[in-house]
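Text of input32.cif (mmCIF, C-alpha atoms, pLDDT in the B column; chains and numbers go by the auth columns) as supplied:
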data_start
loop_
_atom_site.group_PDB
_atom_site.id
_atom_site.type_symbol
_atom_site.label_atom_id
_atom_site.label_comp_id
_atom_site.label_asym_id
_atom_site.label_seq_id
_atom_site.Cartn_x
_atom_site.Cartn_y
_atom_site.Cartn_z
_atom_site.B_iso_or_equiv
_atom_site.auth_seq_id
_atom_site.auth_asym_id
ATOM 1 C CA MET A 1 0.000 0.000 0.000 88.00 1 A
ATOM 2 C CA ILE A 2 2.786 2.420 0.926 89.00 2 A
ATOM 3 C CA VAL A 3 4.569 1.758 -2.383 91.00 3 A
ATOM 4 C CA PHE A 4 1.302 2.435 -4.257 94.00 4 A
ATOM 5 C CA LEU A 5 0.859 5.708 -2.362 95.00 5 A
ATOM 6 C CA LEU A 6 4.493 6.649 -3.014 94.00 6 A
ATOM 7 C CA ILE A 7 3.997 6.114 -6.762 94.00 7 A
ATOM 8 C CA LEU A 8 0.739 8.100 -6.646 96.00 8 A
ATOM 9 C CA HIS A 9 2.590 10.874 -4.771 96.00 9 A
ATOM 10 C CA GLY A 10 5.224 10.863 -7.516 95.00 10 A
ATOM 11 C CA LEU A 11 2.634 10.939 -10.321 97.00 11 A
ATOM 12 C CA CYS A 12 0.752 13.839 -8.714 97.00 12 A
ATOM 13 C CA SER A 13 4.017 15.716 -8.293 97.00 13 A
ATOM 14 C CA VAL A 14 4.877 15.236 -11.983 97.00 14 A
ATOM 15 C CA ALA A 15 1.493 16.679 -13.001 98.00 15 A
ATOM 16 C CA LEU A 16 1.965 19.549 -10.527 98.00 16 A
ATOM 17 C CA LEU A 17 5.464 20.175 -11.851 97.00 17 A
ATOM 18 C CA GLY A 18 4.171 20.500 -15.397 96.00 18 A
ATOM 19 C CA ALA A 19 1.280 22.783 -14.462 97.00 19 A
ATOM 20 C CA VAL A 20 3.274 25.133 -12.239 97.00 20 A
ATOM 21 C CA THR A 21 6.151 25.340 -14.754 96.00 21 A
ATOM 22 C CA HIS A 22 3.643 26.215 -17.523 94.00 22 A
ATOM 23 C CA GLN A 23 2.208 28.964 -15.365 96.00 23 A
ATOM 24 C CA ALA A 24 5.596 30.297 -14.234 96.00 24 A
ATOM 25 C CA LEU A 25 6.955 30.494 -17.776 94.00 25 A
ATOM 26 C CA SER A 26 3.731 32.114 -19.014 93.00 26 A
ATOM 27 C CA VAL A 27 4.430 35.124 -16.780 93.00 27 A
ATOM 28 C CA TRP A 28 8.247 35.176 -16.582 94.00 28 A
ATOM 29 C CA TRP A 29 8.923 34.404 -20.263 90.00 29 A
ATOM 30 C CA PRO A 30 5.634 34.931 -22.093 84.00 30 A
ATOM 31 C CA SER A 31 5.109 34.143 -25.746 83.00 31 A
ATOM 32 C CA ARG A 32 2.216 35.300 -27.903 81.00 32 A
ATOM 33 C CA LYS A 33 2.724 32.845 -30.736 81.00 33 A
ATOM 34 C CA ALA A 34 2.746 29.089 -30.237 77.00 34 A
ATOM 35 C CA ARG A 35 5.040 28.038 -33.074 82.00 35 A
ATOM 36 C CA GLY A 36 7.399 25.409 -31.678 84.00 36 A
ATOM 37 C CA LEU A 37 7.526 23.217 -28.602 83.00 37 A
ATOM 38 C CA VAL A 38 9.144 25.807 -26.309 82.00 38 A
ATOM 39 C CA THR A 39 6.997 28.750 -27.411 85.00 39 A
ATOM 40 C CA SER A 40 3.856 26.592 -27.141 84.00 40 A
ATOM 41 C CA PHE A 41 4.864 25.670 -23.591 80.00 41 A
ATOM 42 C CA ARG A 42 5.111 29.388 -22.701 84.00 42 A
ATOM 43 C CA ALA A 43 2.090 30.617 -24.696 82.00 43 A
ATOM 44 C CA VAL A 44 -0.559 29.362 -22.275 86.00 44 A
ATOM 45 C CA HIS A 45 -3.171 31.255 -20.292 87.00 45 A
ATOM 46 C CA GLY A 46 -1.499 30.921 -16.910 86.00 46 A
ATOM 47 C CA ALA A 47 -4.545 31.763 -14.802 89.00 47 A
ATOM 48 C CA LYS A 48 -6.411 28.702 -16.080 94.00 48 A
ATOM 49 C CA PHE A 49 -3.903 26.464 -14.259 96.00 49 A
ATOM 50 C CA THR A 50 -4.498 28.007 -10.825 96.00 50 A
ATOM 51 C CA ASN A 51 -7.220 25.738 -9.419 97.00 51 A
ATOM 52 C CA GLY A 52 -5.555 22.656 -10.882 97.00 52 A
ATOM 53 C CA ILE A 53 -2.251 23.621 -9.284 98.00 53 A
ATOM 54 C CA ILE A 54 -3.916 24.140 -5.895 98.00 54 A
ATOM 55 C CA LEU A 55 -5.700 20.780 -6.074 98.00 55 A
ATOM 56 C CA LEU A 56 -2.566 18.953 -7.228 98.00 56 A
ATOM 57 C CA PHE A 57 -0.473 20.646 -4.536 98.00 57 A
ATOM 58 C CA LEU A 58 -2.947 19.590 -1.844 98.00 58 A
ATOM 59 C CA ALA A 59 -3.164 16.024 -3.182 98.00 59 A
ATOM 60 C CA THR A 60 0.631 15.718 -3.389 98.00 60 A
ATOM 61 C CA PHE A 61 1.031 17.277 0.055 98.00 61 A
ATOM 62 C CA ILE A 62 -1.517 14.966 1.709 98.00 62 A
ATOM 63 C CA LEU A 63 -0.028 11.870 0.055 97.00 63 A
ATOM 64 C CA GLY A 64 3.427 13.015 1.176 96.00 64 A
ATOM 65 C CA GLY A 65 2.101 13.394 4.715 97.00 65 A
ATOM 66 C CA VAL A 66 0.676 9.860 4.642 96.00 66 A
ATOM 67 C CA ILE A 67 3.924 8.247 3.470 95.00 67 A
ATOM 68 C CA TYR A 68 6.063 10.376 5.781 95.00 68 A
ATOM 69 C CA PRO A 69 6.038 7.972 8.817 95.00 69 A
ATOM 70 C CA PRO A 70 7.526 5.026 6.853 93.00 70 A
ATOM 71 C CA TYR A 71 10.176 7.457 5.577 93.00 71 A
ATOM 72 C CA ARG A 72 10.928 8.564 9.138 93.00 72 A
ATOM 73 C CA LEU A 73 11.325 4.988 10.326 92.00 73 A
ATOM 74 C CA ALA A 74 13.098 3.311 7.426 90.00 74 A
ATOM 75 C CA VAL A 75 14.773 5.953 5.278 92.00 75 A
ATOM 76 C CA ARG A 76 15.826 8.766 7.576 93.00 76 A
ATOM 77 C CA THR A 77 17.386 6.399 10.101 90.00 77 A
ATOM 78 C CA TYR A 78 19.375 4.885 7.228 92.00 78 A
ATOM 79 C CA LEU A 79 20.463 8.333 5.968 92.00 79 A
ATOM 80 C CA GLU A 80 21.659 9.191 9.478 91.00 80 A
ATOM 81 C CA SER A 81 23.505 5.942 10.022 92.00 81 A
ATOM 82 C CA ALA A 82 25.115 6.204 6.565 92.00 82 A
ATOM 83 C CA ARG A 83 26.060 9.821 7.366 93.00 83 A
ATOM 84 C CA LEU A 84 24.430 11.091 4.149 94.00 84 A
ATOM 85 C CA TRP A 85 24.024 14.587 5.565 95.00 85 A
ATOM 86 C CA THR A 86 23.458 16.418 2.278 95.00 86 A
ATOM 87 C CA VAL A 87 20.615 14.093 1.277 95.00 87 A
ATOM 88 C CA ASN A 88 19.132 14.259 4.765 95.00 88 A
ATOM 89 C CA GLY A 89 19.437 18.066 4.859 96.00 89 A
ATOM 90 C CA SER A 90 17.871 18.397 1.424 97.00 90 A
ATOM 91 C CA PHE A 91 14.834 16.465 2.631 96.00 91 A
ATOM 92 C CA GLU A 92 14.656 18.672 5.736 96.00 92 A
ATOM 93 C CA LEU A 93 14.647 21.733 3.454 97.00 93 A
ATOM 94 C CA LYS A 94 11.980 20.170 1.232 97.00 94 A
ATOM 95 C CA GLU A 95 9.806 19.606 4.292 96.00 95 A
ATOM 96 C CA GLN A 96 10.067 23.278 5.289 97.00 96 A
ATOM 97 C CA PHE A 97 9.672 24.697 1.755 98.00 97 A
ATOM 98 C CA VAL A 98 6.483 22.760 1.024 98.00 98 A
ATOM 99 C CA ALA A 99 5.037 23.680 4.434 98.00 99 A
ATOM 100 C CA ILE A 100 5.613 27.398 3.776 98.00 100 A
ATOM 101 C CA SER A 101 4.171 27.005 0.278 98.00 101 A
ATOM 102 C CA LEU A 102 1.064 25.403 1.776 98.00 102 A
ATOM 103 C CA GLY A 103 0.499 28.507 3.903 98.00 103 A
ATOM 104 C CA MET A 104 0.944 30.687 0.815 98.00 104 A
ATOM 105 C CA LEU A 105 -1.771 28.885 -1.193 98.00 105 A
ATOM 106 C CA PRO A 106 -4.716 31.146 -0.169 97.00 106 A
ATOM 107 C CA PHE A 107 -2.696 34.229 -1.176 97.00 107 A
ATOM 108 C CA TYR A 108 -1.643 32.509 -4.409 98.00 108 A
ATOM 109 C CA TRP A 109 -5.304 31.721 -5.152 97.00 109 A
ATOM 110 C CA HIS A 110 -6.260 35.345 -4.451 96.00 110 A
ATOM 111 C CA VAL A 111 -3.651 36.942 -6.747 96.00 111 A
ATOM 112 C CA TRP A 112 -4.329 34.484 -9.594 96.00 112 A
ATOM 113 C CA ARG A 113 -8.121 34.674 -9.376 94.00 113 A
ATOM 114 C CA GLN A 114 -9.897 35.701 -12.594 90.00 114 A
ATOM 115 C CA PRO A 115 -10.477 38.379 -13.759 91.00 115 A
ATOM 116 C CA LEU A 116 -6.801 39.132 -13.158 90.00 116 A
ATOM 117 C CA ASP A 117 -6.073 42.357 -11.279 88.00 117 A
ATOM 118 C CA GLU A 118 -3.299 44.329 -12.993 90.00 118 A
ATOM 119 C CA ALA A 119 -2.198 45.739 -9.638 90.00 119 A
ATOM 120 C CA LEU A 120 -1.317 42.205 -8.523 92.00 120 A
ATOM 121 C CA ALA A 121 0.884 41.349 -11.537 94.00 121 A
ATOM 122 C CA GLY A 122 4.078 41.512 -9.445 95.00 122 A
ATOM 123 C CA ALA A 123 2.587 39.334 -6.705 96.00 123 A
ATOM 124 C CA ARG A 124 1.491 36.814 -9.330 97.00 124 A
ATOM 125 C CA ARG A 125 5.024 36.539 -10.686 97.00 125 A
ATOM 126 C CA ALA A 126 6.517 36.245 -7.209 97.00 126 A
ATOM 127 C CA THR A 127 4.070 33.662 -5.852 97.00 127 A
ATOM 128 C CA VAL A 128 4.289 31.387 -8.879 98.00 128 A
ATOM 129 C CA ALA A 129 8.107 31.632 -8.858 98.00 129 A
ATOM 130 C CA LEU A 130 8.238 30.621 -5.189 98.00 130 A
ATOM 131 C CA LEU A 131 5.750 27.804 -5.691 98.00 131 A
ATOM 132 C CA CYS A 132 7.578 26.607 -8.805 98.00 132 A
ATOM 133 C CA PHE A 133 10.905 26.599 -6.931 98.00 133 A
ATOM 134 C CA ALA A 134 9.443 24.694 -3.958 98.00 134 A
ATOM 135 C CA VAL A 135 7.787 22.108 -6.221 98.00 135 A
ATOM 136 C CA TRP A 136 10.937 21.550 -8.312 98.00 136 A
ATOM 137 C CA PHE A 137 13.104 21.334 -5.198 98.00 137 A
ATOM 138 C CA GLY A 138 10.680 18.925 -3.557 97.00 138 A
ATOM 139 C CA PHE A 139 10.424 16.762 -6.641 97.00 139 A
ATOM 140 C CA LEU A 140 14.176 16.482 -7.224 97.00 140 A
ATOM 141 C CA THR A 141 14.928 15.890 -3.542 96.00 141 A
ATOM 142 C CA GLY A 142 12.230 13.223 -3.260 94.00 142 A
ATOM 143 C CA HIS A 143 13.556 11.556 -6.385 94.00 143 A
ATOM 144 C CA VAL A 144 17.145 11.499 -5.090 94.00 144 A
ATOM 145 C CA VAL A 145 16.089 10.258 -1.631 92.00 145 A
ATOM 146 C CA ASN A 146 14.032 7.503 -3.214 90.00 146 A
ATOM 147 C CA ASN A 147 17.048 6.504 -5.300 90.00 147 A
ATOM 148 C CA VAL A 148 19.266 6.401 -2.206 90.00 148 A
ATOM 149 C CA ARG A 149 16.770 4.272 -0.301 83.00 149 A
ATOM 150 C CA GLY A 150 13.158 3.678 -1.226 75.00 150 A
ATOM 151 C CA ILE A 151 10.341 2.986 1.211 69.00 151 A
ATOM 152 C CA PHE A 152 9.693 -0.734 1.631 63.00 152 A
ATOM 153 C CA MET B 1 -12.751 42.466 0.014 78.00 1 B
ATOM 154 C CA LEU B 2 -11.922 39.986 2.769 84.00 2 B
ATOM 155 C CA ALA B 3 -9.543 37.800 0.699 81.00 3 B
ATOM 156 C CA ALA B 4 -7.474 40.822 -0.356 84.00 4 B
ATOM 157 C CA ARG B 5 -7.202 41.909 3.265 88.00 5 B
ATOM 158 C CA LEU B 6 -6.500 38.572 4.914 94.00 6 B
ATOM 159 C CA THR B 7 -4.629 36.270 2.510 96.00 7 B
ATOM 160 C CA PRO B 8 -1.325 38.225 2.585 96.00 8 B
ATOM 161 C CA ILE B 9 -1.491 38.308 6.401 97.00 9 B
ATOM 162 C CA PHE B 10 -2.248 34.590 6.565 97.00 10 B
ATOM 163 C CA ALA B 11 0.678 33.708 4.258 98.00 11 B
ATOM 164 C CA ALA B 12 3.112 35.882 6.245 98.00 12 B
ATOM 165 C CA ALA B 13 1.873 34.767 9.666 98.00 13 B
ATOM 166 C CA PHE B 14 1.864 31.086 8.686 98.00 14 B
ATOM 167 C CA ALA B 15 5.474 31.288 7.474 98.00 15 B
ATOM 168 C CA VAL B 16 6.764 33.093 10.582 98.00 16 B
ATOM 169 C CA LEU B 17 4.808 30.901 13.007 98.00 17 B
ATOM 170 C CA TYR B 18 5.940 27.750 11.228 98.00 18 B
ATOM 171 C CA LEU B 19 9.557 28.888 11.558 98.00 19 B
ATOM 172 C CA LEU B 20 9.050 29.584 15.264 98.00 20 B
ATOM 173 C CA ALA B 21 7.194 26.310 15.818 98.00 21 B
ATOM 174 C CA GLU B 22 9.990 24.365 14.145 97.00 22 B
ATOM 175 C CA GLN B 23 12.823 26.164 15.912 97.00 23 B
ATOM 176 C CA LEU B 24 11.217 26.143 19.371 97.00 24 B
ATOM 177 C CA ASN B 25 9.530 22.759 18.785 97.00 25 B
ATOM 178 C CA ILE B 26 6.009 23.950 19.567 97.00 26 B
ATOM 179 C CA ALA B 27 3.765 21.227 18.155 97.00 27 B
ATOM 180 C CA LEU B 28 0.024 20.934 18.760 97.00 28 B
ATOM 181 C CA VAL B 29 0.274 17.185 18.176 97.00 29 B
ATOM 182 C CA THR B 30 3.030 14.583 18.172 97.00 30 B
ATOM 183 C CA TYR B 31 2.992 11.352 16.182 97.00 31 B
ATOM 184 C CA HIS B 32 4.847 8.240 17.293 97.00 32 B
ATOM 185 C CA PRO B 33 5.229 6.250 14.050 95.00 33 B
ATOM 186 C CA ARG B 34 6.563 2.997 15.491 95.00 34 B
ATOM 187 C CA ILE B 35 3.598 2.477 17.798 95.00 35 B
ATOM 188 C CA ARG B 36 1.209 4.478 15.554 94.00 36 B
ATOM 189 C CA GLU B 37 -0.026 6.715 18.337 95.00 37 B
ATOM 190 C CA TRP B 38 -0.864 10.408 18.468 96.00 38 B
ATOM 191 C CA GLY B 39 -0.336 12.655 21.442 95.00 39 B
ATOM 192 C CA TRP B 40 -1.320 16.190 22.302 96.00 40 B
ATOM 193 C CA LEU B 41 1.339 18.935 22.268 96.00 41 B
ATOM 194 C CA THR B 42 5.061 18.240 22.161 94.00 42 B
ATOM 195 C CA GLU B 43 5.736 14.801 23.626 94.00 43 B
ATOM 196 C CA ALA B 44 9.014 13.016 24.211 93.00 44 B
ATOM 197 C CA PRO B 45 9.701 10.020 21.939 92.00 45 B
ATOM 198 C CA ARG B 46 7.961 6.785 22.975 91.00 46 B
ATOM 199 C CA ASN B 47 9.503 3.551 21.781 88.00 47 B
ATOM 200 C CA GLY B 48 11.165 4.997 18.673 90.00 48 B
ATOM 201 C CA PRO B 49 11.371 8.392 16.999 93.00 49 B
ATOM 202 C CA SER B 50 8.601 10.970 17.299 95.00 50 B
ATOM 203 C CA MET B 51 7.331 13.206 14.509 97.00 51 B
ATOM 204 C CA TYR B 52 6.509 16.856 15.140 97.00 52 B
ATOM 205 C CA TRP B 53 6.031 18.091 11.566 97.00 53 B
ATOM 206 C CA TYR B 54 2.231 17.598 11.627 98.00 54 B
ATOM 207 C CA GLY B 55 2.141 19.436 14.930 98.00 55 B
ATOM 208 C CA TRP B 56 4.196 22.372 13.618 98.00 56 B
ATOM 209 C CA LEU B 57 1.802 22.666 10.675 98.00 57 B
ATOM 210 C CA ALA B 58 -1.171 22.657 13.042 98.00 58 B
ATOM 211 C CA THR B 59 0.483 25.269 15.280 98.00 59 B
ATOM 212 C CA ALA B 60 1.197 27.523 12.302 98.00 60 B
ATOM 213 C CA PHE B 61 -2.325 27.082 10.902 98.00 61 B
ATOM 214 C CA VAL B 62 -4.132 27.843 14.167 98.00 62 B
ATOM 215 C CA GLY B 63 -1.743 30.724 14.919 98.00 63 B
ATOM 216 C CA ALA B 64 -2.154 32.248 11.456 98.00 64 B
ATOM 217 C CA CYS B 65 -5.976 32.040 11.762 97.00 65 B
ATOM 218 C CA LEU B 66 -5.754 33.848 15.110 98.00 66 B
ATOM 219 C CA VAL B 67 -3.469 36.539 13.659 97.00 67 B
ATOM 220 C CA CYS B 68 -5.982 37.074 10.824 96.00 68 B
ATOM 221 C CA LEU B 69 -8.818 37.349 13.324 95.00 69 B
ATOM 222 C CA ILE B 70 -6.938 39.845 15.484 96.00 70 B
ATOM 223 C CA SER B 71 -5.839 41.927 12.496 94.00 71 B
ATOM 224 C CA LEU B 72 -9.357 42.112 11.013 92.00 72 B
ATOM 225 C CA PRO B 73 -10.254 45.525 12.545 91.00 73 B
ATOM 226 C CA TYR B 74 -6.855 46.932 11.575 89.00 74 B
ATOM 227 C CA THR B 75 -7.210 45.827 7.945 88.00 75 B
ATOM 228 C CA ALA B 76 -10.591 47.551 7.684 85.00 76 B
ATOM 229 C CA ARG B 77 -8.900 50.898 8.310 86.00 77 B
ATOM 230 C CA ARG B 78 -5.569 50.441 6.545 87.00 78 B
ATOM 231 C CA MET B 79 -4.479 48.765 3.316 86.00 79 B
ATOM 232 C CA VAL B 80 -2.411 45.599 3.833 89.00 80 B
ATOM 233 C CA PRO B 81 0.788 45.642 1.729 93.00 81 B
ATOM 234 C CA THR B 82 0.528 42.851 -0.831 94.00 82 B
ATOM 235 C CA TRP B 83 4.255 42.059 -0.826 96.00 83 B
ATOM 236 C CA ILE B 84 4.112 40.515 2.651 97.00 84 B
ATOM 237 C CA GLY B 85 2.180 37.608 1.102 97.00 85 B
ATOM 238 C CA TRP B 86 5.260 36.471 -0.820 97.00 86 B
ATOM 239 C CA GLY B 87 8.120 38.489 0.743 98.00 87 B
ATOM 240 C CA VAL B 88 7.780 36.988 4.222 98.00 88 B
ATOM 241 C CA PRO B 89 7.507 33.368 2.941 98.00 89 B
ATOM 242 C CA LEU B 90 10.582 34.005 0.768 98.00 90 B
ATOM 243 C CA ALA B 91 12.517 35.410 3.741 98.00 91 B
ATOM 244 C CA THR B 92 11.439 32.413 5.839 98.00 92 B
ATOM 245 C CA MET B 93 12.671 29.981 3.194 98.00 93 B
ATOM 246 C CA LEU B 94 16.043 31.775 3.171 98.00 94 B
ATOM 247 C CA ALA B 95 16.109 31.641 6.976 98.00 95 B
ATOM 248 C CA PHE B 96 15.629 27.861 6.813 98.00 96 B
ATOM 249 C CA VAL B 97 18.493 27.542 4.329 97.00 97 B
ATOM 250 C CA PHE B 98 20.681 29.409 6.830 97.00 98 B
ATOM 251 C CA LEU B 99 19.443 27.421 9.839 97.00 99 B
ATOM 252 C CA LEU B 100 19.935 24.054 8.121 96.00 100 B
ATOM 253 C CA ARG B 101 23.309 24.934 6.595 96.00 101 B
ATOM 254 C CA ALA B 102 25.124 22.551 8.958 95.00 102 B
ATOM 255 C CA PHE B 103 23.790 19.593 6.945 94.00 103 B
ATOM 256 C CA PHE B 104 25.669 20.818 3.877 93.00 104 B
ATOM 257 C CA PHE B 105 28.976 21.858 5.460 91.00 105 B
ATOM 258 C CA ARG B 106 30.034 18.795 7.423 77.00 106 B
#

Could you show the structure in this file as structure tokens?
Amino acid sequence: MIVFLLILHGLCSVALLGAVTHQALSVWWPSRKARGLVTSFRAVHGAKFTNGIILLFLATFILGGVIYPPYRLAVRTYLESARLWTVNGSFELKEQFVAISLGMLPFYWHVWRQPLDEALAGARRATVALLCFAVWFGFLTGHVVNNVRGIF
Amino acid sequence: MLAARLTPIFAAAFAVLYLLAEQLNIALVTYHPRIREWGWLTEAPRNGPSMYWYGWLATAFVGACLVCLISLPYTARRMVPTWIGWGVPLATMLAFVFLLRAFFFR
């Protein structure tokens, strides 16, 4: 069951990664014409991703919270005994970054709500950049930790 | 509008309170994963490691709701600066990088 939930957590995070990267690039590096792969990736209506991103973040967060105890018992103890401090510290940072991002979600929802308020353009760029960073960091850290020692 | 007034305060308060809860270990609940038991507030480990992360989240959530409630009359009179909604969380993330630096420089 835990392995199934871990895979589901990973799948949700991949979907979240795609959505939040689409939205971040649509405001930080916008493109009006969708000619090639890269320009098409940037030429999306960022605001349409907002609710999906919130739902995916919550789903990924809850699944992460459910599989956290097996990690604490089996993986973290191994990381400590193997003295893999960088991996352990990266997971600690992930834990804090996603928690802070969770608290930022209502504000993120407010600034990205349609119709978009021009006065909140700067806040939109900042919130999506922070969220995008936290999601990428969390994804890569989780991936590396799982490669070092998976939950079993 | 209520969301415009309260969401930046909630984001900022949640980040600061989470940092304080983590640093001072103020958890509303403690989970003992080996015996699968929950306890109220910050408890010492029982038969294995204890997990405070859920408790820190709960502390930050309840605290941020209280801060929003207390600041409600103030926000009716004065405009809340929008930047605190992302600036404070960003500063808190940087603070965590500093506080956890020992993991990366051993």

For this session: List, as a list in words, every residue that the PyMOL selection byres ((chain A) within 8 of (chain B)) selects in the file provided.
Result: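 Output of the PyMOL selection byres ((chain A) within 8 of (chain B)): Pro69, Pro70, Arg72, Leu73, Trp85, Thr86, Asn88, Gly89, Glu92, Leu93, Gln96, Phe97, Ala99, Ile100, Ser101, Gly103, Met104, Leu105, Pro106, Phe107, His110, Leu120, Ala123, Ala126, Thr127 and Leu130 of chain A.
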
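Listed by chain and then by number, the residues chosen by the PyMOL selection byres ((chain B and resi 72) around 12) in this file are Met1, Leu2, Ala3, Ala4, Arg5, Leu6, Thr7, Ile9, Phe10, Cys65, Leu66, Val67, Cys68, Leu69, Ile70, Ser71, Pro73, Tyr74, Thr75, Ala76, Arg77, Arg78, Met79 and Val80 of chain B.
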
Expected file contents, prior selection, C-alpha atoms, as a compact mmCIF listing (two decimals), in the coordinates of the input:
# COMPACT_ATOMS: atom_id res chain seq x y z
CA MET B 1 -12.75 42.47 0.01
CA LEU B 2 -11.92 39.99 2.77
CA ALA B 3 -9.54 37.80 0.70
CA ALA B 4 -7.47 40.82 -0.36
CA ARG B 5 -7.20 41.91 3.26
CA LEU B 6 -6.50 38.57 4.91
CA THR B 7 -4.63 36.27 2.51
CA ILE B 9 -1.49 38.31 6.40
CA PHE B 10 -2.25 34.59 6.56
CA CYS B 65 -5.98 32.04 11.76
CA LEU B 66 -5.75 33.85 15.11
CA VAL B 67 -3.47 36.54 13.66
CA CYS B 68 -5.98 37.07 10.82
CA LEU B 69 -8.82 37.35 13.32
CA ILE B 70 -6.94 39.84 15.48
CA SER B 71 -5.84 41.93 12.50
CA PRO B 73 -10.25 45.52 12.54
CA TYR B 74 -6.86 46.93 11.58
CA THR B 75 -7.21 45.83 7.94
CA ALA B 76 -10.59 47.55 7.68
CA ARG B 77 -8.90 50.90 8.31
CA ARG B 78 -5.57 50.44 6.54
CA MET B 79 -4.48 48.76 3.32
CA VAL B 80 -2.41 45.60 3.83

Exercise. Given the file above and the PyMOL selection byres ((chain A and resi 140-144) around 12), which residues are selected, and can you give them as an MDAnalysis selection string?
Worked result: chainID A and resid 6:7 9:11 13:14 17 60 64 67:68 71 75 79 84 86:95 97:98 133:139 145:151

Exercise. Looking at only C-alpha atoms, which of A:Leu102, A:Val128, A:Ala24, A:Val111 is the one that sits closest to B:Ala58?
Worked result: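 Answer, going by the shortest atom-to-atom distance: A:Leu102.
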
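The coordinates place atom CA of A:Leu16 at 27.7 Å from atom CA of B:Ala21.
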
Exercise. Quick one: distance from atom CA of A:Lys48 to atom CA of A:Trp109 in Å, one decimal?
Worked result: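 Atom CA of A:Trp109 lies at a distance of 11.4 Å from atom CA of A:Lys48.
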
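Here atom CA of A:Leu58 and atom CA of A:Cys132 stand 14.4 Å from one another.
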
For this session: Find the spatial neighbours of A:Gly52, counting all atoms listed in the file, within a cut-off of 12 Å - ignore same-chain residues fewer than 2 positions away - and output them as a list in words.
Result: Cys12, Ala15, Leu16, Leu17, Gly18, Ala19, Val20, His22, Gln23, Gly46, Ala47, Lys48, Phe49, Thr50, Ile54, Leu55, Leu56, Phe57, Leu58, Ala59, Thr60, Trp109 and Trp112 of chain A
